[in-house]
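S.K.: One structure follows; several queries about it will come next.
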Amino acid sequence: MVTATGRTGHADRHAHGPAPGADPRWLSGALALILAFMAGEVIAGVAANSLALISDAAHMLTDAASIALVLVTTRLAARPPTGGYTYGLKRAEILSAQANGITLVLLAAWLGYTAIRHLVTPPAVAGGTVLAVALAGVAVNVAATLLIARAGGSAADRHGAPRSLNLAGAFKHIVTDLYAFAATAVAGVIILLTGFDRADAIATLVVVVLMVRAGAGLIKDSGRIFLEAAPAGLDPAAVGAAMAGRPHVTEVHDLHIWEITSGMPAASAHVLVAPGEDCHAVRVDLEAYLSREYGITHATLQVDHAGLPAVSGLMQLSEQQQCDDAHGEAHGPAYRPGGGG
């Protein structure tokens with residue numbers, strides 16, 4: 001049996017050091033900006049009797065909490081593995097992302113209930129204050145969004161959103177709040193022009209929909225990682241078939257693909273190689289292929305020869321034959337060249 005662990009020259013492939021994370025300087029700047037504006041918005045919301053402004057301020061509180069969680073959990077995730085935590089504390093980031101999603105949904109439920117009450121009995125709202133604060137909020141959130149995107153650095157996708165699920169949670173908070181302020185600004189204009197105070201509650205409901213959508217997405221994505229599902233968009237069956245199509249591979253089974261944390265996919269599999277071929281060379285080829293084609297840089301492969309006859313009597317077994325006889329039966333789907341199962 002040949003595995004990817006415990007061999008000189010291969011330890012670097014399984015390094016568990018920190019993945020590219022967030023730059024704390026930009027995150028700290030975004031946090032300070034949000035906290036300062038939030039304090040002023042609460043005062044303005046109470047003075048204007050505007051639920052939309054208060055809901056925006058409450059959402060900004062979750063923005064601040066999400067950024068603070070990113071700062072804390074990124075530091076935890078960067079710690080090297082110790083003791084029983086063989087992957088370190090990398091999944092602390094996913095705990096943070098799930099907490100962000102849950103708080104968004106819970107806060108949305110409370111705001112939705114209050115907004116419906118204001119639709120039934122609308123209070124008088126100061127439209128001018130609502131409009132002025134909302135426009136200022138748009139500017140603040142644009143600045144905070146740019147700071148968080150900058151914090152992601154090279155870890156951002158082509159749309160500017162961070163690839164880290166933890167940092168993406170904070171990013172979604174801020175972007176959602178940006179849309180919310182735009183809706184609140186529209187409500188302020190309507191109240192000023194028509195005196196329709198229910199526009200404030202309607203804007204709050206728009207905020208609620210955005211919060212539920214962002215929160216549910218975070219809960220779903222973090223839940224997939226906790227349940228050790230394959231990364232979204234990566235089909236294990238396609239990966240298994242592709243591995244079986246590599247030179248000298250006769251079968252791939254016991255294939256598992258999951259994510260240790262966002263952006264850190266891992267795989268393990270049992271691979272059978274044609275008799276007489278070099279197991280080590282096949283393993284190296286498969287690891288390079290998985291890294292190149294699927295971004296799976298943490299692969300643990302058990303590689304054995306296939307189809308050798310059993311050895312009986314008192315004959316001394318070679319180390320290679322002992323490995324060959326150790327593979328046992330497949331559990332789950334098996335993949336063979338040409339798509340055979």
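Chain identifiers are assigned as A, B, and so on, following the order in which chains appear in the structure tokens; residues are numbered from 1 within each chain, and ligands are numbered from 1 in order of appearance.
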Fewer than 6 positions away in the same chain doesn't count, so skip those; otherwise give me all residues within 10 Å of range 92-104 of chain A, counting only C-alpha atoms, as a PyMOL selection string.
M.R.: chain A and resi 59+62-63+65-77+164-170+172-173+208+210-223+225-226+260-262
S.K.: When DSSP is applied to the backbone of this structure, which of range 132-226 of chain A are assigned alpha helix (DSSP H)? Write them out as a count of residues only.
M.R.: 80
S.K.: Looking at A:Leu301, A:Ala237, A:Leu89, A:Ala185, which one is nearest to His280 in chain A, with distances taken over only C-alpha atoms?
M.R.: A:Leu301
S.K.: Quick one: everything within 12 Å of range 234-236 of chain A, counting only C-alpha atoms, minus sequence neighbours fewer than 6 positions away in the same chain. Send it as a list of chain:residue names.
M.R.: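 Final neighbour list, sorted by chain and number: A:Ala242, A:Met243, A:Val252, A:His253, A:Asp254, A:Leu255, A:His256, A:Ile257, A:Trp258, A:Glu259, A:Pro265, A:Ala266, A:Ala267, A:Ser268, A:Ala269, A:Leu290, A:Glu293, A:Tyr294, A:Gly295, A:Ile296, A:Gly332, A:Pro333, A:Ala334, A:Tyr335.
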S.K.: May I have all residues of range 168-313 of chain A that DSSP, computed from the backbone, assigns to strand (DSSP E or B), given as a ChimeraX atom specification?
M.R.: /A:249-261,264-273,298-305
S.K.: Could you name the residues that touch Val189 in chain A at 10 Å or less, counting only C-alpha atoms, but leaving out those on the same chain fewer than 6 positions away, as a ChimeraX atom specification?
M.R.: /A:127-128,130-132,195-196,199
S.K.: Extract, using only C-alpha atoms, all DNA, RNA and protein residues at most 10 Å from Ile34 in chain A, discarding same-chain residues fewer than 3 positions from it, and format them as JSON, numbers by chain.
M.R.: {"A": [28, 29, 30, 31, 37, 38, 39, 57, 60, 61, 63, 64, 67, 137, 140, 141, 143, 144, 174]}
